[in-house]
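Asker: So here's target30.cif (mmCIF, N, CA and C atoms).
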```cif
data_structure
#
loop_
_atom_site.label_atom_id
_atom_site.label_comp_id
_atom_site.auth_asym_id
_atom_site.auth_seq_id
_atom_site.Cartn_x
_atom_site.Cartn_y
_atom_site.Cartn_z
N MET A 3 83.45 4.01 -3.61
CA MET A 3 82.06 3.68 -3.32
C MET A 3 81.16 4.67 -4.06
N ASN A 4 80.07 4.15 -4.64
CA ASN A 4 79.13 4.98 -5.38
C ASN A 4 78.13 5.63 -4.44
N ALA A 5 77.72 6.84 -4.78
CA ALA A 5 76.72 7.53 -3.99
C ALA A 5 75.31 7.05 -4.35
N ARG A 6 75.18 6.51 -5.55
CA ARG A 6 73.88 6.00 -6.03
C ARG A 6 74.02 4.53 -6.37
N PRO A 7 72.92 3.80 -6.35
CA PRO A 7 72.98 2.41 -6.79
C PRO A 7 73.38 2.35 -8.27
N VAL A 8 73.89 1.19 -8.67
CA VAL A 8 74.29 0.98 -10.06
C VAL A 8 73.53 -0.21 -10.61
N LEU A 9 72.92 -0.03 -11.78
CA LEU A 9 72.28 -1.11 -12.51
C LEU A 9 73.25 -1.55 -13.59
N VAL A 10 73.63 -2.81 -13.56
CA VAL A 10 74.57 -3.37 -14.53
C VAL A 10 73.79 -4.32 -15.43
N PHE A 11 73.93 -4.13 -16.75
CA PHE A 11 73.20 -4.96 -17.71
C PHE A 11 74.14 -5.38 -18.84
N ASP A 12 73.66 -6.26 -19.71
CA ASP A 12 74.45 -6.74 -20.84
C ASP A 12 74.26 -5.81 -22.02
N GLY A 13 75.24 -4.99 -22.28
CA GLY A 13 75.17 -4.01 -23.37
C GLY A 13 75.25 -4.62 -24.76
N ASP A 14 75.63 -5.90 -24.87
CA ASP A 14 75.67 -6.56 -26.16
C ASP A 14 74.33 -7.19 -26.53
N CYS A 15 73.40 -7.21 -25.60
CA CYS A 15 72.09 -7.84 -25.82
C CYS A 15 71.07 -6.78 -26.21
N GLY A 16 70.47 -6.94 -27.37
CA GLY A 16 69.46 -5.99 -27.83
C GLY A 16 68.24 -5.94 -26.92
N PHE A 17 67.80 -7.10 -26.42
CA PHE A 17 66.65 -7.13 -25.53
C PHE A 17 66.97 -6.41 -24.22
N CYS A 18 68.17 -6.65 -23.68
CA CYS A 18 68.57 -6.00 -22.44
C CYS A 18 68.65 -4.48 -22.63
N THR A 19 69.22 -4.07 -23.75
CA THR A 19 69.34 -2.64 -24.04
C THR A 19 67.96 -2.01 -24.20
N THR A 20 67.06 -2.70 -24.90
CA THR A 20 65.68 -2.22 -25.06
C THR A 20 65.01 -2.08 -23.70
N SER A 21 65.22 -3.06 -22.83
CA SER A 21 64.61 -3.04 -21.49
C SER A 21 65.16 -1.88 -20.66
N VAL A 22 66.46 -1.64 -20.74
CA VAL A 22 67.06 -0.53 -20.00
C VAL A 22 66.57 0.81 -20.55
N ASN A 23 66.46 0.91 -21.86
CA ASN A 23 65.93 2.14 -22.46
C ASN A 23 64.50 2.41 -21.98
N PHE A 24 63.69 1.35 -21.89
CA PHE A 24 62.33 1.48 -21.36
C PHE A 24 62.38 1.98 -19.92
N ALA A 25 63.24 1.36 -19.11
CA ALA A 25 63.35 1.76 -17.70
C ALA A 25 63.78 3.21 -17.56
N GLU A 26 64.74 3.63 -18.37
CA GLU A 26 65.20 5.03 -18.29
C GLU A 26 64.09 6.00 -18.67
N ARG A 27 63.31 5.65 -19.67
CA ARG A 27 62.27 6.57 -20.16
C ARG A 27 61.03 6.57 -19.29
N TRP A 28 60.56 5.39 -18.87
CA TRP A 28 59.26 5.31 -18.22
C TRP A 28 59.33 5.07 -16.71
N ILE A 29 60.29 4.32 -16.25
CA ILE A 29 60.39 4.02 -14.82
C ILE A 29 61.22 5.07 -14.11
N ARG A 30 62.29 5.50 -14.74
CA ARG A 30 63.15 6.58 -14.28
C ARG A 30 63.72 6.36 -12.88
N PRO A 31 64.42 5.24 -12.69
CA PRO A 31 65.01 5.00 -11.36
C PRO A 31 66.17 5.95 -11.10
N ASP A 32 66.37 6.28 -9.85
CA ASP A 32 67.48 7.13 -9.45
C ASP A 32 68.70 6.23 -9.24
N CYS A 33 69.41 5.98 -10.33
CA CYS A 33 70.58 5.10 -10.27
C CYS A 33 71.49 5.40 -11.46
N THR A 34 72.67 4.84 -11.40
CA THR A 34 73.58 4.87 -12.53
C THR A 34 73.37 3.58 -13.30
N ILE A 35 73.24 3.68 -14.61
CA ILE A 35 73.02 2.50 -15.45
C ILE A 35 74.24 2.33 -16.34
N VAL A 36 74.81 1.12 -16.32
CA VAL A 36 76.02 0.88 -17.10
C VAL A 36 76.02 -0.55 -17.63
N ALA A 37 76.46 -0.69 -18.88
CA ALA A 37 76.66 -2.02 -19.45
C ALA A 37 77.86 -2.66 -18.76
N TRP A 38 77.76 -3.95 -18.48
CA TRP A 38 78.86 -4.61 -17.77
C TRP A 38 80.16 -4.52 -18.56
N GLN A 39 80.05 -4.42 -19.88
CA GLN A 39 81.24 -4.35 -20.71
C GLN A 39 82.05 -3.07 -20.46
N PHE A 40 81.41 -2.06 -19.89
CA PHE A 40 82.06 -0.77 -19.62
C PHE A 40 82.17 -0.47 -18.13
N ALA A 41 81.74 -1.41 -17.30
CA ALA A 41 81.75 -1.21 -15.85
C ALA A 41 83.05 -1.71 -15.24
N ASP A 42 83.42 -1.12 -14.13
CA ASP A 42 84.54 -1.63 -13.34
C ASP A 42 83.96 -2.69 -12.41
N LEU A 43 83.88 -3.91 -12.91
CA LEU A 43 83.22 -4.99 -12.17
C LEU A 43 83.91 -5.27 -10.85
N ASP A 44 85.23 -5.20 -10.82
CA ASP A 44 85.95 -5.43 -9.56
C ASP A 44 85.53 -4.41 -8.50
N ALA A 45 85.45 -3.15 -8.90
CA ALA A 45 85.05 -2.10 -7.95
C ALA A 45 83.62 -2.30 -7.48
N LEU A 46 82.78 -2.86 -8.33
CA LEU A 46 81.38 -3.11 -7.97
C LEU A 46 81.22 -4.39 -7.16
N GLY A 47 82.25 -5.23 -7.17
CA GLY A 47 82.18 -6.47 -6.40
C GLY A 47 81.42 -7.57 -7.09
N VAL A 48 81.40 -7.57 -8.42
CA VAL A 48 80.70 -8.61 -9.17
C VAL A 48 81.65 -9.24 -10.19
N THR A 49 81.33 -10.46 -10.56
CA THR A 49 82.15 -11.16 -11.55
C THR A 49 81.56 -10.97 -12.94
N GLU A 50 82.41 -11.11 -13.94
CA GLU A 50 81.94 -11.05 -15.32
C GLU A 50 80.93 -12.16 -15.58
N GLU A 51 81.19 -13.34 -15.04
CA GLU A 51 80.27 -14.47 -15.23
C GLU A 51 78.86 -14.12 -14.75
N ARG A 52 78.76 -13.53 -13.59
CA ARG A 52 77.44 -13.16 -13.07
C ARG A 52 76.82 -12.05 -13.92
N ALA A 53 77.62 -11.07 -14.30
CA ALA A 53 77.10 -9.95 -15.09
C ALA A 53 76.62 -10.41 -16.47
N ARG A 54 77.22 -11.46 -17.00
CA ARG A 54 76.78 -11.99 -18.30
C ARG A 54 75.39 -12.62 -18.23
N HIS A 55 75.02 -13.13 -17.05
CA HIS A 55 73.81 -13.94 -16.93
C HIS A 55 72.61 -13.27 -16.28
N GLU A 56 72.81 -12.12 -15.66
CA GLU A 56 71.66 -11.47 -15.02
C GLU A 56 71.91 -9.99 -14.83
N VAL A 57 70.81 -9.24 -14.82
CA VAL A 57 70.92 -7.83 -14.48
C VAL A 57 71.30 -7.74 -13.01
N LEU A 58 72.12 -6.76 -12.68
CA LEU A 58 72.59 -6.63 -11.30
C LEU A 58 72.30 -5.24 -10.76
N TRP A 59 71.85 -5.18 -9.54
CA TRP A 59 71.62 -3.93 -8.82
C TRP A 59 72.63 -3.90 -7.69
N VAL A 60 73.53 -2.93 -7.71
CA VAL A 60 74.58 -2.82 -6.70
C VAL A 60 74.30 -1.58 -5.87
N THR A 61 74.11 -1.78 -4.57
CA THR A 61 73.80 -0.66 -3.68
C THR A 61 75.08 0.14 -3.39
N PRO A 62 74.93 1.36 -2.89
CA PRO A 62 76.11 2.16 -2.55
C PRO A 62 77.04 1.48 -1.53
N ASN A 63 76.50 0.62 -0.67
CA ASN A 63 77.36 -0.07 0.30
C ASN A 63 77.89 -1.40 -0.23
N GLY A 64 77.63 -1.72 -1.52
CA GLY A 64 78.21 -2.89 -2.16
C GLY A 64 77.37 -4.14 -2.15
N ARG A 65 76.16 -4.08 -1.66
CA ARG A 65 75.28 -5.26 -1.70
C ARG A 65 74.79 -5.46 -3.12
N VAL A 66 74.80 -6.70 -3.60
CA VAL A 66 74.44 -7.01 -4.98
C VAL A 66 73.16 -7.84 -5.01
N TYR A 67 72.21 -7.41 -5.83
CA TYR A 67 70.97 -8.13 -6.07
C TYR A 67 70.92 -8.45 -7.55
N GLY A 68 70.64 -9.71 -7.89
CA GLY A 68 70.61 -10.09 -9.29
C GLY A 68 69.26 -10.60 -9.74
N GLY A 69 69.06 -10.56 -11.05
CA GLY A 69 67.85 -11.11 -11.64
C GLY A 69 66.61 -10.37 -11.18
N ALA A 70 65.58 -11.14 -10.82
CA ALA A 70 64.30 -10.56 -10.41
C ALA A 70 64.45 -9.67 -9.18
N ALA A 71 65.36 -10.04 -8.26
CA ALA A 71 65.58 -9.21 -7.08
C ALA A 71 66.18 -7.86 -7.48
N GLY A 72 67.02 -7.85 -8.49
CA GLY A 72 67.58 -6.60 -9.00
C GLY A 72 66.52 -5.73 -9.64
N VAL A 73 65.62 -6.36 -10.38
CA VAL A 73 64.51 -5.61 -11.00
C VAL A 73 63.61 -5.04 -9.91
N ALA A 74 63.35 -5.82 -8.86
CA ALA A 74 62.53 -5.34 -7.75
C ALA A 74 63.16 -4.11 -7.11
N LYS A 75 64.46 -4.16 -6.89
CA LYS A 75 65.15 -3.01 -6.29
C LYS A 75 65.07 -1.78 -7.18
N LEU A 76 65.21 -1.97 -8.49
CA LEU A 76 65.09 -0.87 -9.44
C LEU A 76 63.71 -0.22 -9.33
N LEU A 77 62.66 -1.05 -9.31
CA LEU A 77 61.30 -0.53 -9.22
C LEU A 77 61.06 0.20 -7.90
N MET A 78 61.57 -0.35 -6.81
CA MET A 78 61.38 0.30 -5.51
C MET A 78 62.12 1.63 -5.47
N ARG A 79 63.29 1.69 -6.07
CA ARG A 79 64.07 2.94 -6.09
C ARG A 79 63.39 4.01 -6.92
N ALA A 80 62.64 3.59 -7.94
CA ALA A 80 61.96 4.56 -8.80
C ALA A 80 60.85 5.29 -8.06
N GLY A 81 60.29 4.65 -7.06
CA GLY A 81 59.23 5.30 -6.28
C GLY A 81 57.91 5.33 -7.03
N GLY A 82 57.00 6.18 -6.55
CA GLY A 82 55.70 6.31 -7.18
C GLY A 82 54.96 4.99 -7.24
N ALA A 83 54.24 4.81 -8.33
CA ALA A 83 53.46 3.58 -8.51
C ALA A 83 54.34 2.36 -8.72
N TRP A 84 55.61 2.56 -9.08
CA TRP A 84 56.52 1.44 -9.30
C TRP A 84 56.95 0.79 -8.00
N ALA A 85 57.05 1.55 -6.93
CA ALA A 85 57.57 1.03 -5.66
C ALA A 85 56.75 -0.14 -5.10
N PRO A 86 55.42 -0.06 -5.06
CA PRO A 86 54.67 -1.21 -4.55
C PRO A 86 54.84 -2.46 -5.42
N LEU A 87 54.95 -2.26 -6.73
CA LEU A 87 55.19 -3.39 -7.62
C LEU A 87 56.53 -4.04 -7.28
N GLY A 88 57.56 -3.21 -7.13
CA GLY A 88 58.87 -3.74 -6.76
C GLY A 88 58.85 -4.45 -5.43
N ALA A 89 58.17 -3.87 -4.45
CA ALA A 89 58.09 -4.49 -3.12
C ALA A 89 57.37 -5.83 -3.20
N SER A 90 56.34 -5.92 -4.03
CA SER A 90 55.60 -7.19 -4.14
C SER A 90 56.48 -8.28 -4.74
N LEU A 91 57.45 -7.90 -5.58
CA LEU A 91 58.34 -8.89 -6.18
C LEU A 91 59.34 -9.47 -5.18
N ARG A 92 59.39 -8.91 -3.99
CA ARG A 92 60.33 -9.37 -2.96
C ARG A 92 59.68 -10.29 -1.93
N VAL A 93 58.36 -10.47 -2.02
CA VAL A 93 57.61 -11.22 -1.00
C VAL A 93 57.24 -12.61 -1.52
N PRO A 94 57.51 -13.66 -0.69
CA PRO A 94 57.07 -15.00 -1.10
C PRO A 94 55.55 -15.06 -1.14
N PRO A 95 54.94 -15.78 -2.01
CA PRO A 95 55.50 -16.61 -3.07
C PRO A 95 55.72 -15.84 -4.39
N VAL A 96 55.41 -14.54 -4.40
CA VAL A 96 55.57 -13.76 -5.62
C VAL A 96 57.04 -13.76 -6.06
N ASN A 97 57.97 -13.67 -5.11
CA ASN A 97 59.38 -13.64 -5.49
C ASN A 97 59.82 -14.95 -6.16
N TRP A 98 59.22 -16.07 -5.79
CA TRP A 98 59.56 -17.35 -6.44
C TRP A 98 59.11 -17.33 -7.89
N LEU A 99 57.89 -16.85 -8.09
CA LEU A 99 57.35 -16.76 -9.45
C LEU A 99 58.17 -15.77 -10.28
N ALA A 100 58.50 -14.63 -9.69
CA ALA A 100 59.29 -13.62 -10.40
C ALA A 100 60.65 -14.17 -10.79
N ALA A 101 61.29 -14.92 -9.90
CA ALA A 101 62.60 -15.50 -10.21
C ALA A 101 62.49 -16.50 -11.36
N GLY A 102 61.43 -17.31 -11.35
CA GLY A 102 61.22 -18.27 -12.43
C GLY A 102 60.97 -17.61 -13.76
N VAL A 103 60.15 -16.57 -13.75
CA VAL A 103 59.86 -15.83 -14.99
C VAL A 103 61.13 -15.14 -15.48
N TYR A 104 61.91 -14.57 -14.56
CA TYR A 104 63.15 -13.91 -14.95
C TYR A 104 64.09 -14.91 -15.63
N ARG A 105 64.26 -16.09 -15.04
CA ARG A 105 65.15 -17.10 -15.62
C ARG A 105 64.65 -17.54 -17.00
N LEU A 106 63.34 -17.71 -17.15
CA LEU A 106 62.77 -18.11 -18.43
C LEU A 106 63.04 -17.05 -19.49
N VAL A 107 62.81 -15.79 -19.15
CA VAL A 107 63.05 -14.70 -20.10
C VAL A 107 64.55 -14.61 -20.41
N ALA A 108 65.40 -14.71 -19.39
CA ALA A 108 66.84 -14.60 -19.61
C ALA A 108 67.35 -15.70 -20.54
N ARG A 109 66.83 -16.93 -20.35
CA ARG A 109 67.27 -18.02 -21.22
C ARG A 109 66.78 -17.87 -22.65
N ASN A 110 65.75 -17.07 -22.85
CA ASN A 110 65.16 -16.90 -24.18
C ASN A 110 65.23 -15.46 -24.67
N ARG A 111 66.13 -14.68 -24.14
CA ARG A 111 66.17 -13.26 -24.48
C ARG A 111 66.43 -12.99 -25.94
N GLN A 112 67.06 -13.90 -26.64
CA GLN A 112 67.27 -13.72 -28.08
C GLN A 112 65.95 -13.79 -28.85
N ARG A 113 64.91 -14.34 -28.24
CA ARG A 113 63.59 -14.45 -28.87
C ARG A 113 62.64 -13.30 -28.47
N MET A 114 63.08 -12.48 -27.54
CA MET A 114 62.24 -11.41 -27.02
C MET A 114 62.33 -10.17 -27.93
N PRO A 115 61.38 -9.22 -27.78
CA PRO A 115 61.42 -8.00 -28.60
C PRO A 115 62.76 -7.29 -28.46
N GLY A 116 63.37 -6.97 -29.58
CA GLY A 116 64.67 -6.32 -29.59
C GLY A 116 65.82 -7.30 -29.55
N GLY A 117 65.53 -8.57 -29.29
CA GLY A 117 66.56 -9.59 -29.18
C GLY A 117 67.09 -10.04 -30.53
N THR A 118 68.32 -10.49 -30.54
CA THR A 118 68.95 -11.06 -31.73
C THR A 118 69.71 -12.32 -31.29
N ALA A 119 70.26 -13.03 -32.26
CA ALA A 119 71.04 -14.23 -31.93
C ALA A 119 72.20 -13.89 -31.00
N ALA A 120 72.73 -12.67 -31.09
CA ALA A 120 73.83 -12.26 -30.23
C ALA A 120 73.41 -12.15 -28.76
N CYS A 121 72.10 -12.11 -28.50
CA CYS A 121 71.60 -11.98 -27.13
C CYS A 121 71.63 -13.30 -26.36
N ALA A 122 71.75 -14.41 -27.05
CA ALA A 122 71.69 -15.72 -26.38
C ALA A 122 72.77 -15.80 -25.31
N LEU A 123 72.39 -16.34 -24.17
CA LEU A 123 73.35 -16.51 -23.09
C LEU A 123 74.37 -17.56 -23.47
N PRO A 124 75.61 -17.38 -23.05
CA PRO A 124 76.61 -18.42 -23.31
C PRO A 124 76.25 -19.69 -22.56
N ARG A 125 76.54 -20.82 -23.18
CA ARG A 125 76.28 -22.10 -22.51
C ARG A 125 77.27 -22.29 -21.38
N PRO A 126 76.79 -22.85 -20.28
CA PRO A 126 77.70 -23.14 -19.18
C PRO A 126 78.75 -24.17 -19.63
N PRO A 127 79.94 -24.15 -19.05
CA PRO A 127 80.97 -25.12 -19.42
C PRO A 127 80.44 -26.54 -19.23
N GLY A 128 80.65 -27.38 -20.23
CA GLY A 128 80.23 -28.78 -20.15
C GLY A 128 78.79 -29.03 -20.53
N ALA A 129 78.02 -27.97 -20.85
CA ALA A 129 76.62 -28.15 -21.23
C ALA A 129 76.52 -28.80 -22.61
N GLN A 130 75.56 -29.68 -22.77
CA GLN A 130 75.33 -30.32 -24.06
C GLN A 130 74.49 -29.43 -24.95
N ARG A 131 74.69 -29.58 -26.23
CA ARG A 131 73.89 -28.81 -27.20
C ARG A 131 72.57 -29.45 -27.45
#
```
Could you spell out this file's structure in structure tokens?
Answerer:
Amino acid sequence: MNARPVLVFDGDCGFCTTSVNFAERWIRPDCTIVAWQFADLDALGVTEERARHEVLWVTPNGRVYGGAAGVAKLLMRAGGAWAPLGASLRVPPVNWLAAGVYRLVARNRQRMPGGTAACALPRPPGAQR
């Protein structure tokens, strides 16, 4: 069990890496940050499939928050002016909007700053081109 929360992100995605670098420099959350490619996903209680598709916040007791909820937890953990922003992302209807924006950005992360073609999410099995 980890003493600190763990933020799991896609280390192969330039946009994700750029976002994590921003968080480390400016938000400065008190957590361990690791690319899913180097994480012990079994020990964290998450699947590779989930880690490929969303940022994950894993609490010391093993609770997992993904996507916008994970970002909210990161902001709340950072404290200061970031904490109220994170808390607001957890309250309806803001959390619905945040989840939608997160999904839109995630589906288009290869088009975002720092993104490359390698950032594109894998297509779900059976999805049409």
Asker: With all atoms listed in the file as the atoms that count, which of A:Leu43, A:Cys15, A:Leu76, A:Ile29 lies nearest to Gly88 (chain A)?
Answerer: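 The closest residue to Gly88 (chain A) is A:Leu76.
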Asker: Given only C-alpha atoms as the basis, pick out the residue of A:Arg65, A:Gly116, A:Ala70, A:Ala85 nearest to Gly102 (chain A).
Answerer: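 Using only C-alpha atoms, Gly102 (chain A) sits closest to A:Ala70.
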Asker: Name every residue that the PyMOL selection byres ((chain A and resi 68) around 5) selects in this structure, writing the answer as a PDB file with N, CA and C atoms, in the frame of the given file with chains first and numbers rising.
Answerer:
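To be explicit, this is the file written out as result_17.pdb:
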```pdb
ATOM      1  N   VAL A  57      70.810  -9.240 -14.820  1.00  0.00           N
ATOM      2  CA  VAL A  57      70.920  -7.830 -14.480  1.00  0.00           C
ATOM      3  C   VAL A  57      71.300  -7.740 -13.010  1.00  0.00           C
ATOM      4  N   LEU A  58      72.120  -6.760 -12.680  1.00  0.00           N
ATOM      5  CA  LEU A  58      72.590  -6.630 -11.300  1.00  0.00           C
ATOM      6  C   LEU A  58      72.300  -5.240 -10.760  1.00  0.00           C
ATOM      7  N   TRP A  59      71.850  -5.180  -9.540  1.00  0.00           N
ATOM      8  CA  TRP A  59      71.620  -3.930  -8.820  1.00  0.00           C
ATOM      9  C   TRP A  59      72.630  -3.900  -7.690  1.00  0.00           C
ATOM     10  N   VAL A  66      74.800  -6.700  -3.600  1.00  0.00           N
ATOM     11  CA  VAL A  66      74.440  -7.010  -4.980  1.00  0.00           C
ATOM     12  C   VAL A  66      73.160  -7.840  -5.010  1.00  0.00           C
ATOM     13  N   TYR A  67      72.210  -7.410  -5.830  1.00  0.00           N
ATOM     14  CA  TYR A  67      70.970  -8.130  -6.070  1.00  0.00           C
ATOM     15  C   TYR A  67      70.920  -8.450  -7.550  1.00  0.00           C
ATOM     16  N   GLY A  69      69.060 -10.560 -11.050  1.00  0.00           N
ATOM     17  CA  GLY A  69      67.850 -11.110 -11.640  1.00  0.00           C
ATOM     18  C   GLY A  69      66.610 -10.370 -11.180  1.00  0.00           C
ATOM     19  N   ALA A  70      65.580 -11.140 -10.820  1.00  0.00           N
ATOM     20  CA  ALA A  70      64.300 -10.560 -10.410  1.00  0.00           C
ATOM     21  C   ALA A  70      64.450  -9.670  -9.180  1.00  0.00           C
ATOM     22  N   ALA A  71      65.360 -10.040  -8.260  1.00  0.00           N
ATOM     23  CA  ALA A  71      65.580  -9.210  -7.080  1.00  0.00           C
ATOM     24  C   ALA A  71      66.180  -7.860  -7.480  1.00  0.00           C
ATOM     25  N   GLY A  72      67.020  -7.850  -8.490  1.00  0.00           N
ATOM     26  CA  GLY A  72      67.580  -6.600  -9.000  1.00  0.00           C
ATOM     27  C   GLY A  72      66.520  -5.730  -9.640  1.00  0.00           C
TER      28      GLY A  72
END
```
Asker: So, with only C-alpha atoms as the atoms that count, which of A:Pro94, A:Met78, A:Phe40, A:His55 lies closest to Arg109 (chain A)?
Answerer: A:His55
Asker: Which distance in Å separates CA of Leu91 (chain A) and CA of Ala119 (chain A), to one decimal?
Answerer: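 CA of Ala119 (chain A) lies 29.2 Å from CA of Leu91 (chain A).
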Asker: Would you compute the distance between atom C of Ala5 (chain A) and CA of Val93 (chain A)? Give it in Å to one decimal.
Answerer: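 CA of Val93 (chain A) lies 25.7 Å from atom C of Ala5 (chain A).
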Asker: Which one of A:Val60, A:Gly16, A:Gln39, A:Thr49 sits closest to Met114 (chain A) if you count only N, CA and C atoms?
Answerer: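 Nearest candidate to Met114 (chain A) out of A:Val60, A:Gly16, A:Gln39, A:Thr49: A:Gly16.
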Asker: Using the chain letters and numbers from this document, which residues of chain A does DSSP assign to strand (DSSP E), as a ChimeraX atom specification?
Answerer: /A:8-11,34-37,58-60,66-68
